[in-house]
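Peer 1: Supplied structure: start-v7.cif, mmCIF, C-alpha atoms.
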```cif
data_run
#
loop_
_atom_site.label_atom_id
_atom_site.label_comp_id
_atom_site.auth_asym_id
_atom_site.auth_seq_id
_atom_site.Cartn_x
_atom_site.Cartn_y
_atom_site.Cartn_z
CA MET A 11 3.07 35.44 14.42
CA SER A 12 3.38 36.93 10.95
CA ASN A 13 1.60 35.10 8.15
CA ALA A 14 3.46 36.87 5.32
CA SER A 15 5.00 34.43 2.91
CA PRO A 16 8.82 34.27 2.77
CA PRO A 17 10.47 35.16 -0.56
CA GLU A 18 10.13 32.55 -3.31
CA VAL A 19 13.26 30.58 -4.16
CA ASP A 20 14.82 30.47 -7.61
CA LEU A 21 14.26 27.65 -10.10
CA LYS A 22 17.81 26.29 -9.76
CA THR A 23 17.39 25.88 -6.01
CA LEU A 24 13.97 24.29 -6.51
CA ARG A 25 15.47 21.67 -8.80
CA LYS A 26 18.11 20.80 -6.21
CA VAL A 27 15.45 20.62 -3.51
CA ILE A 28 13.33 18.25 -5.58
CA MET A 29 16.34 16.04 -6.35
CA ALA A 30 17.43 15.87 -2.70
CA ALA A 31 13.91 15.10 -1.48
CA SER A 32 13.19 12.60 -4.24
CA ILE A 33 16.33 10.49 -3.96
CA GLY A 34 15.71 9.71 -0.31
CA ASN A 35 12.13 8.90 -1.09
CA PHE A 36 13.41 6.67 -3.90
CA VAL A 37 15.55 4.64 -1.49
CA GLU A 38 12.65 4.24 0.94
CA TRP A 39 10.19 2.91 -1.61
CA PHE A 40 12.74 0.92 -3.62
CA ASP A 41 13.21 -1.38 -0.64
CA PHE A 42 9.49 -1.81 -0.01
CA ALA A 43 8.95 -2.48 -3.71
CA ALA A 44 11.74 -5.04 -3.94
CA TYR A 45 10.36 -6.85 -0.91
CA GLY A 46 6.91 -7.03 -2.48
CA PHE A 47 8.09 -8.10 -5.93
CA LEU A 48 10.36 -10.79 -4.51
CA ALA A 49 7.78 -12.01 -1.98
CA THR A 50 7.55 -15.53 -3.38
CA ILE A 51 11.36 -15.96 -3.29
CA LEU A 52 11.68 -14.43 0.17
CA THR A 53 9.00 -16.86 1.35
CA ARG A 54 11.17 -19.82 0.32
CA GLU A 55 14.32 -18.25 1.81
CA PHE A 56 12.98 -17.12 5.18
CA PHE A 57 9.61 -18.83 5.71
CA PRO A 58 9.80 -22.33 4.20
CA SER A 59 6.50 -24.17 4.61
CA ALA A 60 4.67 -27.15 3.20
CA ASP A 61 1.79 -24.77 2.50
CA PRO A 62 2.91 -22.03 0.04
CA ALA A 63 -0.08 -19.83 0.94
CA ALA A 64 0.85 -19.95 4.63
CA GLY A 65 4.44 -19.01 3.84
CA LEU A 66 3.31 -16.11 1.66
CA LEU A 67 1.06 -14.88 4.45
CA LYS A 68 4.06 -14.87 6.83
CA THR A 69 6.13 -12.92 4.30
CA PHE A 70 3.42 -10.29 3.91
CA ALA A 71 2.95 -10.26 7.70
CA VAL A 72 6.58 -9.13 8.10
CA PHE A 73 5.85 -6.55 5.40
CA ALA A 74 2.98 -5.30 7.57
CA VAL A 75 4.93 -5.45 10.85
CA ALA A 76 7.48 -2.97 9.48
CA PHE A 77 4.63 -0.52 9.03
CA ALA A 78 3.73 -0.81 12.71
CA PHE A 79 6.92 1.11 13.47
CA ARG A 80 6.19 3.89 10.99
CA PRO A 81 3.90 5.89 13.31
CA LEU A 82 6.57 5.73 16.04
CA GLY A 83 9.19 6.89 13.54
CA GLY A 84 6.81 9.57 12.35
CA ILE A 85 6.39 10.90 15.89
CA VAL A 86 10.12 10.80 16.70
CA PHE A 87 11.36 12.30 13.43
CA GLY A 88 8.38 14.65 13.20
CA VAL A 89 9.24 16.15 16.59
CA ILE A 90 12.91 16.36 15.62
CA GLY A 91 12.03 17.96 12.29
CA ASP A 92 9.84 20.60 13.92
CA ARG A 93 12.53 21.40 16.48
CA ILE A 94 15.81 21.34 14.53
CA GLY A 95 14.58 21.65 10.95
CA ARG A 96 13.75 19.56 7.90
CA LYS A 97 17.21 19.28 6.35
CA ARG A 98 19.12 17.52 9.15
CA THR A 99 16.19 15.25 9.98
CA LEU A 100 15.92 14.05 6.38
CA ALA A 101 19.66 13.34 6.33
CA LEU A 102 19.19 11.06 9.33
CA THR A 103 16.20 9.20 7.86
CA ILE A 104 17.99 8.36 4.60
CA LEU A 105 21.06 7.15 6.49
CA LEU A 106 19.02 4.73 8.58
CA MET A 107 16.90 3.55 5.68
CA ALA A 108 19.81 2.87 3.30
CA GLY A 109 21.80 1.13 6.02
CA ALA A 110 18.98 -1.19 7.05
CA THR A 111 18.10 -2.02 3.43
CA THR A 112 21.72 -2.92 2.70
CA LEU A 113 21.78 -5.27 5.70
CA ILE A 114 18.95 -7.34 4.22
CA GLY A 115 21.20 -8.02 1.24
CA PHE A 116 23.75 -9.67 3.55
CA LEU A 117 21.24 -11.62 5.66
CA PRO A 118 21.61 -15.45 5.70
CA GLY A 119 18.50 -17.48 4.91
CA TYR A 120 16.55 -20.03 6.95
CA ALA A 121 18.65 -22.91 5.59
CA ALA A 122 21.80 -21.32 7.03
CA ILE A 123 20.77 -20.07 10.48
CA GLY A 124 17.29 -21.45 11.03
CA ALA A 125 14.66 -19.45 12.91
CA LEU A 126 17.16 -16.64 13.50
CA ALA A 127 16.84 -15.67 9.82
CA PRO A 128 13.18 -14.58 9.87
CA LEU A 129 13.74 -12.95 13.28
CA LEU A 130 16.61 -10.81 11.97
CA LEU A 131 14.63 -9.99 8.85
CA THR A 132 11.74 -8.80 11.00
CA ILE A 133 14.04 -6.63 13.17
CA ILE A 134 15.67 -5.02 10.16
CA ARG A 135 12.30 -4.39 8.57
CA CYS A 136 11.20 -2.68 11.78
CA VAL A 137 14.24 -0.37 11.60
CA GLN A 138 13.28 0.40 8.01
CA GLY A 139 9.72 1.14 9.03
CA PHE A 140 10.93 3.40 11.84
CA SER A 141 13.19 5.45 9.56
CA ALA A 142 10.59 5.55 6.78
CA GLY A 143 8.17 7.07 9.28
CA GLY A 144 10.03 10.35 9.05
CA GLU A 145 10.84 10.28 5.35
CA TYR A 146 7.83 10.93 3.12
CA ALA A 147 6.06 13.62 5.14
CA GLY A 148 9.38 15.38 5.67
CA ALA A 149 10.28 15.20 1.99
CA CYS A 150 6.90 16.64 1.03
CA ALA A 151 7.23 19.45 3.56
CA TYR A 152 10.74 20.20 2.32
CA VAL A 153 9.55 20.59 -1.27
CA MET A 154 6.29 22.37 -0.44
CA GLU A 155 7.98 24.93 1.80
CA HIS A 156 10.21 25.89 -1.14
CA ALA A 157 7.56 25.79 -3.90
CA PRO A 158 5.56 28.77 -5.28
CA GLN A 159 2.11 28.97 -3.72
CA ASN A 160 0.19 28.52 -7.00
CA LYS A 161 2.26 25.54 -8.19
CA ARG A 162 2.70 23.47 -5.05
CA ALA A 163 0.94 20.34 -6.32
CA TRP A 164 2.93 20.44 -9.56
CA TYR A 165 6.30 20.76 -7.84
CA GLY A 166 5.20 18.36 -5.13
CA SER A 167 4.18 15.80 -7.77
CA PHE A 168 7.84 15.02 -8.38
CA VAL A 169 8.03 13.35 -4.98
CA PRO A 170 5.39 10.77 -6.09
CA VAL A 171 7.30 10.57 -9.40
CA SER A 172 10.29 9.30 -7.44
CA THR A 173 8.01 6.87 -5.61
CA PHE A 174 6.55 5.30 -8.75
CA SER A 175 9.96 5.41 -10.46
CA SER A 176 11.51 3.50 -7.57
CA PHE A 177 8.84 0.84 -7.88
CA SER A 178 9.33 0.61 -11.64
CA ILE A 179 13.10 0.30 -11.33
CA ALA A 180 12.73 -2.27 -8.55
CA ALA A 181 10.37 -4.20 -10.81
CA VAL A 182 12.83 -3.93 -13.73
CA VAL A 183 15.64 -5.23 -11.55
CA ALA A 184 13.46 -8.09 -10.27
CA TYR A 185 12.30 -8.88 -13.81
CA ALA A 186 15.84 -8.79 -15.22
CA LEU A 187 17.16 -11.03 -12.47
CA ASP A 188 14.28 -13.44 -12.87
CA ALA A 189 14.70 -13.57 -16.66
CA THR A 190 18.50 -13.96 -16.76
CA LEU A 191 19.39 -16.03 -13.70
CA SER A 192 18.72 -19.67 -13.03
CA ALA A 193 16.40 -20.60 -10.19
CA ASP A 194 19.37 -21.70 -8.07
CA ALA A 195 21.29 -18.47 -8.70
CA MET A 196 18.20 -16.41 -7.89
CA ARG A 197 17.75 -18.22 -4.58
CA SER A 198 21.42 -18.09 -3.59
CA TRP A 199 22.37 -14.50 -4.45
CA GLY A 200 20.17 -12.90 -7.12
CA TRP A 201 17.45 -11.72 -4.72
CA ARG A 202 20.10 -9.83 -2.71
CA VAL A 203 21.07 -7.44 -5.52
CA PRO A 204 18.15 -4.95 -5.17
CA PHE A 205 18.78 -4.56 -1.44
CA LEU A 206 22.54 -4.07 -1.79
CA ALA A 207 21.91 -1.34 -4.37
CA ALA A 208 20.52 0.87 -1.60
CA ALA A 209 24.02 1.61 -0.26
CA PRO A 210 25.40 3.76 -3.13
CA ILE A 211 22.03 5.41 -3.81
CA GLY A 212 21.65 6.28 -0.14
CA LEU A 213 25.12 7.84 0.05
CA ILE A 214 24.34 10.06 -2.93
CA GLY A 215 21.08 11.13 -1.30
CA LEU A 216 22.84 11.87 1.99
CA TYR A 217 25.39 14.06 0.21
CA LEU A 218 22.68 16.02 -1.59
CA ARG A 219 20.67 16.59 1.56
CA MET A 220 23.65 17.71 3.61
CA ASN A 221 24.55 20.33 0.99
CA LEU A 222 21.20 22.15 0.86
CA ASN A 223 19.81 24.92 3.04
CA GLU A 224 16.87 24.76 5.43
CA THR A 225 13.44 25.66 4.03
CA PRO A 226 12.40 29.35 3.90
CA ALA A 227 9.30 28.66 6.02
CA PHE A 228 11.28 27.03 8.82
CA ARG A 229 13.99 29.70 8.71
CA ALA A 230 11.29 32.34 9.02
CA LEU A 231 9.86 30.47 12.02
CA GLU A 232 13.31 30.45 13.64
CA GLY A 233 13.64 34.17 12.94
CA GLU A 234 10.37 34.78 14.78
CA HIS A 235 11.53 32.55 17.67
CA ASP A 236 8.34 30.52 17.24
CA VAL A 237 9.84 27.03 16.80
CA ALA A 238 7.73 24.53 18.74
CA HIS A 239 9.30 23.30 21.99
CA ALA A 240 6.73 20.49 22.35
CA PRO A 241 5.55 19.71 18.79
CA LEU A 242 3.77 16.49 19.73
CA ARG A 243 1.73 18.12 22.51
CA ASP A 244 0.89 21.09 20.28
CA THR A 245 -0.09 18.76 17.45
CA LEU A 246 -2.43 16.66 19.53
CA ARG A 247 -4.00 19.70 21.16
CA THR A 248 -4.59 21.81 18.04
CA GLN A 249 -4.55 19.51 15.00
CA ALA A 250 -6.69 16.49 15.94
CA GLY A 251 -9.47 17.45 13.54
CA GLY A 252 -7.13 17.80 10.59
CA ILE A 253 -5.42 14.51 11.41
CA LEU A 254 -8.74 12.61 11.43
CA LYS A 255 -10.13 14.17 8.24
CA LEU A 256 -6.93 14.00 6.22
CA GLY A 257 -6.14 10.55 7.64
CA ALA A 258 -9.42 9.20 6.28
CA PHE A 259 -8.48 10.32 2.78
CA ILE A 260 -4.86 9.17 3.03
CA SER A 261 -6.22 5.72 3.87
CA VAL A 262 -7.45 5.62 0.26
CA THR A 263 -4.05 6.81 -0.95
CA ALA A 264 -2.29 4.10 1.03
CA LEU A 265 -4.55 1.24 0.01
CA SER A 266 -4.76 2.14 -3.69
CA PHE A 267 -1.00 2.71 -3.79
CA TYR A 268 -0.10 -0.70 -2.41
CA MET A 269 -2.80 -2.52 -4.30
CA PHE A 270 -1.41 -1.01 -7.51
CA THR A 271 2.33 -1.05 -6.89
CA THR A 272 2.85 -4.22 -4.87
CA TYR A 273 -0.13 -6.52 -4.58
CA LEU A 274 -1.33 -6.66 -8.19
CA ALA A 275 1.97 -8.24 -9.26
CA THR A 276 1.17 -11.14 -6.91
CA TYR A 277 -2.55 -11.03 -7.78
CA MET A 278 -1.84 -11.55 -11.49
CA GLN A 279 0.18 -14.64 -10.59
CA VAL A 280 -2.39 -16.07 -8.17
CA ALA A 281 -5.69 -15.15 -9.85
CA GLY A 282 -4.53 -14.95 -13.46
CA HIS A 283 -1.95 -17.76 -13.30
CA MET A 284 0.68 -15.57 -14.96
CA SER A 285 4.40 -16.18 -14.60
CA ARG A 286 6.26 -13.88 -12.22
CA ALA A 287 8.24 -12.43 -15.14
CA THR A 288 5.10 -11.51 -17.10
CA SER A 289 3.35 -9.95 -14.11
CA LEU A 290 6.46 -7.89 -13.34
CA LEU A 291 6.68 -6.69 -16.94
CA ILE A 292 3.08 -5.48 -16.80
CA THR A 293 3.79 -3.79 -13.49
CA VAL A 294 6.86 -2.01 -14.90
CA ILE A 295 4.89 -0.58 -17.82
CA ALA A 296 2.08 0.58 -15.53
CA LEU A 297 4.53 2.14 -13.06
CA LEU A 298 6.30 4.10 -15.81
CA PHE A 299 2.88 5.30 -16.93
CA ALA A 300 2.09 6.34 -13.35
CA ALA A 301 5.35 8.27 -12.99
CA ALA A 302 4.72 10.05 -16.30
CA ILE A 303 1.25 11.29 -15.35
CA CYS A 304 2.15 12.54 -11.85
CA PRO A 305 2.99 16.09 -13.07
CA LEU A 306 -0.29 16.15 -15.03
CA ALA A 307 -2.12 15.23 -11.82
CA GLY A 308 -0.27 18.07 -10.08
CA LEU A 309 -1.33 20.57 -12.77
CA TYR A 310 -4.91 19.34 -12.45
CA SER A 311 -4.92 19.76 -8.67
CA ASP A 312 -3.42 23.26 -8.86
CA PHE A 313 -6.05 24.21 -11.44
CA VAL A 314 -9.23 22.82 -9.85
CA GLY A 315 -8.16 22.84 -6.19
CA ARG A 316 -7.67 20.12 -3.59
CA ARG A 317 -11.31 19.34 -2.76
CA LYS A 318 -12.26 18.68 -6.39
CA THR A 319 -9.15 16.54 -6.77
CA VAL A 320 -10.15 14.52 -3.70
CA PHE A 321 -13.63 14.01 -5.11
CA THR A 322 -12.27 13.02 -8.54
CA THR A 323 -9.85 10.55 -6.96
CA CYS A 324 -12.39 8.71 -4.81
CA ALA A 325 -15.10 8.69 -7.51
CA LEU A 326 -12.64 7.33 -10.07
CA LEU A 327 -11.47 4.56 -7.77
CA ILE A 328 -15.00 3.55 -6.83
CA VAL A 329 -15.97 3.27 -10.51
CA THR A 330 -12.81 1.62 -11.88
CA VAL A 331 -11.46 -0.67 -9.17
CA TYR A 332 -13.80 -3.62 -9.84
CA PRO A 333 -13.18 -3.79 -13.61
CA SER A 334 -9.49 -3.16 -12.89
CA PHE A 335 -9.21 -6.29 -10.74
CA ALA A 336 -11.34 -8.30 -13.16
CA LEU A 337 -9.01 -7.45 -16.04
CA ALA A 338 -5.85 -7.92 -13.96
CA GLY A 339 -6.95 -11.43 -13.01
CA SER A 340 -8.03 -12.42 -16.53
CA GLY A 341 -4.72 -14.05 -17.43
CA GLY A 342 -4.32 -12.09 -20.67
CA PHE A 343 -1.40 -9.69 -21.11
CA LEU A 344 -3.27 -6.75 -22.68
CA PRO A 345 -6.40 -6.95 -20.48
CA ALA A 346 -4.21 -7.18 -17.37
CA LEU A 347 -2.15 -4.18 -18.50
CA ILE A 348 -5.31 -2.13 -19.05
CA GLY A 349 -6.66 -3.18 -15.66
CA VAL A 350 -3.49 -2.25 -13.80
CA GLY A 351 -3.30 1.03 -15.73
CA MET A 352 -6.86 1.91 -14.72
CA LEU A 353 -6.01 1.54 -11.05
CA ALA A 354 -2.83 3.55 -11.61
CA VAL A 355 -4.76 6.71 -12.52
CA GLY A 356 -6.67 6.78 -9.25
CA ALA A 357 -3.57 5.91 -7.23
CA VAL A 358 -1.59 8.72 -8.89
CA LEU A 359 -4.26 11.35 -8.26
CA ALA A 360 -4.48 10.24 -4.63
CA GLY A 361 -0.71 10.35 -4.15
CA VAL A 362 -0.22 13.76 -5.75
CA VAL A 363 -2.99 15.55 -3.86
CA THR A 364 -1.86 13.87 -0.63
CA ALA A 365 1.65 15.27 -1.07
CA ALA A 366 0.19 18.78 -1.17
CA LEU A 367 -2.38 18.30 1.59
CA LEU A 368 0.19 16.96 4.05
CA SER A 369 1.82 20.40 4.17
CA GLU A 370 -1.19 22.63 3.50
CA VAL A 371 -3.48 21.32 6.25
CA PHE A 372 -1.04 21.88 9.13
CA PRO A 373 0.83 24.96 10.45
CA THR A 374 4.58 25.39 9.98
CA ARG A 375 5.51 24.97 13.64
CA THR A 376 3.95 21.47 13.86
CA ARG A 377 3.80 20.56 10.17
CA TYR A 378 6.40 17.78 10.24
CA THR A 379 4.93 16.13 13.35
CA ALA A 380 1.27 16.39 12.34
CA SER A 381 1.79 15.30 8.74
CA ALA A 382 4.05 12.40 9.72
CA ILE A 383 1.54 11.11 12.28
CA THR A 384 -1.35 11.40 9.81
CA TYR A 385 0.48 9.82 6.91
CA ASN A 386 2.02 6.96 8.83
CA LEU A 387 -1.08 5.97 10.77
CA ALA A 388 -3.03 5.70 7.52
CA TYR A 389 -0.25 3.81 5.76
CA THR A 390 0.24 1.46 8.69
CA ILE A 391 -3.41 0.53 9.00
CA PHE A 392 -4.34 0.43 5.31
CA GLY A 393 -1.11 0.42 3.29
CA GLY A 394 1.21 -1.98 5.05
CA THR A 395 -1.61 -4.47 5.57
CA ALA A 396 -2.88 -4.28 1.97
CA PRO A 397 -1.14 -7.43 0.61
CA LEU A 398 -1.87 -9.35 3.80
CA VAL A 399 -5.56 -8.37 3.94
CA ALA A 400 -6.04 -8.96 0.21
CA THR A 401 -4.45 -12.42 0.45
CA TRP A 402 -6.53 -13.23 3.54
CA LEU A 403 -9.77 -12.05 1.89
CA ILE A 404 -9.22 -14.28 -1.12
CA THR A 405 -8.15 -17.24 1.02
CA THR A 406 -11.12 -17.05 3.37
CA SER A 407 -13.84 -16.02 0.91
CA GLY A 408 -12.66 -17.90 -2.16
CA ASN A 409 -13.54 -14.79 -4.18
CA ASN A 410 -10.69 -13.26 -6.18
CA MET A 411 -12.62 -9.97 -6.41
CA SER A 412 -12.87 -9.43 -2.64
CA PRO A 413 -9.85 -7.05 -2.51
CA ALA A 414 -11.65 -4.78 -5.00
CA VAL A 415 -14.72 -4.59 -2.74
CA TYR A 416 -12.42 -3.71 0.17
CA LEU A 417 -10.84 -0.83 -1.77
CA ILE A 418 -14.27 0.51 -2.79
CA ALA A 419 -15.35 0.60 0.87
CA ILE A 420 -12.23 2.52 1.91
CA ALA A 421 -12.67 4.93 -1.02
CA VAL A 422 -16.15 5.81 0.28
CA MET A 423 -14.70 6.47 3.73
CA GLY A 424 -11.91 8.58 2.23
CA LEU A 425 -14.38 10.62 0.22
CA VAL A 426 -16.27 11.56 3.37
CA GLY A 427 -13.13 12.55 5.27
CA GLY A 428 -11.55 14.39 2.37
CA MET A 429 -14.62 16.46 1.59
CA LEU A 430 -14.75 17.65 5.21
CA LEU A 431 -11.41 19.42 4.65
CA PRO A 432 -11.48 23.07 3.52
CA GLU A 433 -9.88 24.19 0.27
CA THR A 434 -6.14 24.67 0.84
CA SER A 435 -4.58 25.20 -2.59
CA ARG A 436 -4.10 28.95 -2.03
CA VAL A 437 -3.18 28.85 1.67
CA SER A 438 0.21 30.26 2.65
CA LEU A 439 2.53 27.66 4.21
CA HIS A 440 4.06 30.30 6.45
CA GLY A 441 1.91 30.38 9.56
CA ALA A 442 -1.19 28.55 10.73
CA GLY A 443 -2.72 25.69 8.81
CA VAL A 444 -6.41 25.15 8.17
CA GLY A 445 -7.21 21.57 9.01
CA GLY A 446 -7.12 21.28 12.75
CA GLY A 447 -8.19 24.68 13.92
CA ILE A 448 -6.32 27.89 13.23
CA ARG A 449 -8.10 29.28 16.23
CA GLY A 450 -6.46 26.65 18.39
CA VAL A 451 -3.01 27.79 17.29
CA GLU A 452 -3.88 31.44 17.91
CA LEU A 453 -5.18 30.66 21.40
CA ALA A 454 -2.03 28.68 22.15
CA GLY A 455 0.01 31.75 21.18
CA VAL A 456 -2.06 33.99 23.47
CA ALA A 457 -1.59 31.53 26.31
CA ARG A 458 2.19 31.62 25.85
CA GLU A 459 2.20 35.43 25.91
CA VAL A 460 0.08 35.52 29.08
CA ALA A 461 2.36 32.96 30.72
#
```
Could you take the file, read its structure, and then write that structure out as structure tokens?
Peer 2:
Amino acid sequence: MSNASPPEVDLKTLRKVIMAASIGNFVEWFDFAAYGFLATILTREFFPSADPAAGLLKTFAVFAVAFAFRPLGGIVFGVIGDRIGRKRTLALTILLMAGATTLIGFLPGYAAIGALAPLLLTIIRCVQGFSAGGEYAGACAYVMEHAPQNKRAWYGSFVPVSTFSSFSIAAVVAYALDATLSADAMRSWGWRVPFLAAAPIGLIGLYLRMNLNETPAFRALEGEHDVAHAPLRDTLRTQAGGILKLGAFISVTALSFYMFTTYLATYMQVAGHMSRATSLLITVIALLFAAAICPLAGLYSDFVGRRKTVFTTCALLIVTVYPSFALAGSGGFLPALIGVGMLAVGAVLAGVVTAALLSEVFPTRTRYTASAITYNLAYTIFGGTAPLVATWLITTSGNNMSPAVYLIAIAVMGLVGGMLLPETSRVSLHGAGVGGGIRGVELAGVAREVA
């Protein structure tokens, strides 16, 4: 296999690539954000209970269940993406995601169809989780395999920009609906608006993705007739080390991301006794701040390298998470805004360096499969369960700061795993990766030739 890098693409093509990758990512996270921001309303609509805390736990449980299907989706779409290419696979993921999200907007509530309502909601959320399993890792690979070698984190940072932007827009929509509609209107139809919006956005994303070319790295792999015939088997045999090390760090990315983007909006209401409208406004401001600093985080990572970015991320979270939660739960607007903003910095750094590492750690022929498995396992275990675990910790311990202690513990674990990875910021994405054993890939190639 040749490890020479394919020719760099022009800036115009790069912009189209970023737009196509980002809009699908936007649809994916817009749904998850809307579900989190409207959790208290969805609880009343689908999980009515005499105990509000129990109903909220059920709502967040469905949130977590959807994540259980992400690893399966990651395996299925990862294998497809490594066999037929990134472009067509990403077109399929956005179609499934947008369709499932739109269906939630038409779903009758518990009052209309009884227990069938939460069951259907759970099924649709599982479809969303399955399709999302192939989205983010594929979008990152699509951008990274087009980007210049010395600017991968910067170009890749625009994928997290779309993530934080989707959360901010979902929060704006939720805030606007909450501020302008009556309680009855919000319960009857207002909560449906964010989910129905996925249909037109998804169609635009599908059009963009269908009208772009395959990545240079994958085309080069096809030209060498080295496309993996069994990507999952190859991944498990040669990339287990990279999956474990990178997965430990991505656990921090997942937990800090969902604590910041989804859970803190609820936390400010529960611990700080803020209104939903005020907590959403704070979240919107913090999310816009997060989106704005993503490119700066990308520049930083390209300048200092991935390992130093990993260390900075974990150290920053360990130091700031406790005061961040204390300020967020204070009940004051400005202190809460500062607290949420503090957590945003660590979450942004984690997200941006993760976007680069997902592609840099693994070889081209199994990149989609390996990165999707790694990303989705971490997000399922630590991301999807974040609101549920945080709510459970507070309920059982009676300590509003217990979620902060949980995040600190995971940050320590992520620091250990991340620092075991080699430096990858200058590694070519055409050929073997560095995280799971280049030697394993080479030996696999020799074995094929002998056979």
Peer 1: Which residue gives the smallest distance to Val363 in chain A among A:Arg197, A:Arg243, A:Lys255, A:Arg316, with only C-alpha atoms counted?
Peer 2: A:Arg316
Peer 1: Translate the PyMOL selection byres ((chain A and resi 88) around 12), as applied to the file shown, into an explicit residue set as an NGL selection string.
Peer 2: :A and (80-87 or 89-96 or 98-100 or 103 or 140-149 or 151 or 238 or 240-243 or 245 or 374-386)
Peer 1: CA of Val183 in chain A and CA of Leu66 in chain A, how far apart in Å?
Peer 2: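 That distance, rounded to one decimal, is 21.1 Å.
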Peer 1: Using all atoms listed in the file, pick whichever of A:Pro397, A:Gly341, A:Gly139, A:Pro128 has the shortest atom-to-atom distance to Ser289 in chain A.
Peer 2: A:Gly341
Peer 1: When the PyMOL selection byres ((chain A and resi 113) around 12) is applied to the structure above, which residues does it catch, written out as a PyMOL selection string?
Peer 2: chain A and resi 41+106-112+114-118+130-135+137-138+202-209
Peer 1: Can you tell me which residues surround Pro413 in chain A at a distance of at most 8 Å, considering all atoms listed in the file, apart from same-chain residues fewer than 2 positions away, and format the answer as a PyMOL selection string?
Peer 2: chain A and resi 399-400+403-404+410-411+415-417
Peer 1: For CA of Leu327 in chain A and CA of Ser369 in chain A, determine how far apart the two atoms are, in Å to one decimal place.
Peer 2: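 Computing the Euclidean distance for CA of Leu327 in chain A and CA of Ser369 in chain A yields 23.9 Å.
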Peer 1: With distances taken over all atoms listed in the file, which residue among A:Ile211, A:Leu359, A:Ile123, A:Ala76 lies nearest Thr390 in chain A?
Peer 2: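 Residue with the minimum atom-to-atom distance to Thr390 in chain A: A:Ala76.
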Peer 1: From the set A:Thr190, A:Ser435, A:Asn35, A:Thr173, which residue has the shortest atom-to-atom contact distance to Gly315 in chain A, counting all atoms listed in the file?
Peer 2: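 Nearest candidate to Gly315 in chain A out of A:Thr190, A:Ser435, A:Asn35, A:Thr173: A:Ser435.
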Peer 1: Rank A:Thr323, A:Leu309, A:Val426, A:Leu431 by their smallest atom-to-atom distance to Val371 in chain A, using all atoms listed in the file, and report the top residue only.
Peer 2: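 Looking only at the distances to Val371 in chain A, the closest residue turns out to be A:Leu431.
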Peer 1: Applying 7 Å and all atoms listed in the file, which residues near Lys161 in chain A remain after dropping the ones on its own chain fewer than 4 positions away? List them as an MDAnalysis selection string.
Peer 2: chainID A and resid 157 165 312
Peer 1: Please write the residues from the selection above to a file, keeping C-alpha atoms, as a PDB file, in the frame of the given file.
Peer 2:
```
ATOM      1  CA  ALA A 157       7.560  25.790  -3.900  1.00  0.00           C
ATOM      2  CA  TYR A 165       6.300  20.760  -7.840  1.00  0.00           C
ATOM      3  CA  ASP A 312      -3.420  23.260  -8.860  1.00  0.00           C
TER       4      ASP A 312
END
```
Peer 1: Check the smallest atom-to-atom distance from each of A:Ala189, A:Val331, A:Leu222, A:Leu398 to Thr288 in chain A using only C-alpha atoms, then report the winner.
Peer 2: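 Of the candidates, the smallest distance to Thr288 in chain A is held by A:Ala189.
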Peer 1: I'd like the contact shell of range 267-280 of chain A - 7 Å cut-off, all atoms listed in the file, skipping same-chain residues fewer than 4 positions apart - returned as a PyMOL selection string.
Peer 2: chain A and resi 43+46-47+177+263+284-286+289-290+293+338-339+350+353-354+357+393+396-397
Peer 1: Edge lengths and centre in Å to one decimal, as AutoDock Vina command-line options, of the axis-aligned box that encloses all listed atoms of range 248-265 of chain A with 8 Å added on every side?
Peer 2:
```
--center_x -6.2 --center_y 11.5 --center_z 8.5 --size_x 23.8 --size_y 36.6 --size_z 35.0
```
Peer 1: As an exercise, work out the distance from CA of Leu430 in chain A to CA of Val262 in chain A in Å and give it to one decimal place.
Peer 2: 14.9 Å
Peer 1: I'd like to see the residues matched by the PyMOL selection byres ((chain A and resi 297) around 7) on this file, and ideally I'd get them as a list in words.
Peer 2: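 Against this file, the PyMOL selection byres ((chain A and resi 297) around 7) returns the residues Phe174, Ser175, Phe177, Ser178, Thr293, Val294, Ile295, Ala296, Leu298, Phe299, Ala300 and Ala301 of chain A.
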Peer 1: Do you know which residues are at most 9 Å from Ile260 in chain A counting only C-alpha atoms, after dropping those on the same chain fewer than 2 positions away, and could you put them as a PyMOL selection string?
Peer 2: chain A and resi 255-258+262-265+360-361+364+384-385+388-389+424+428
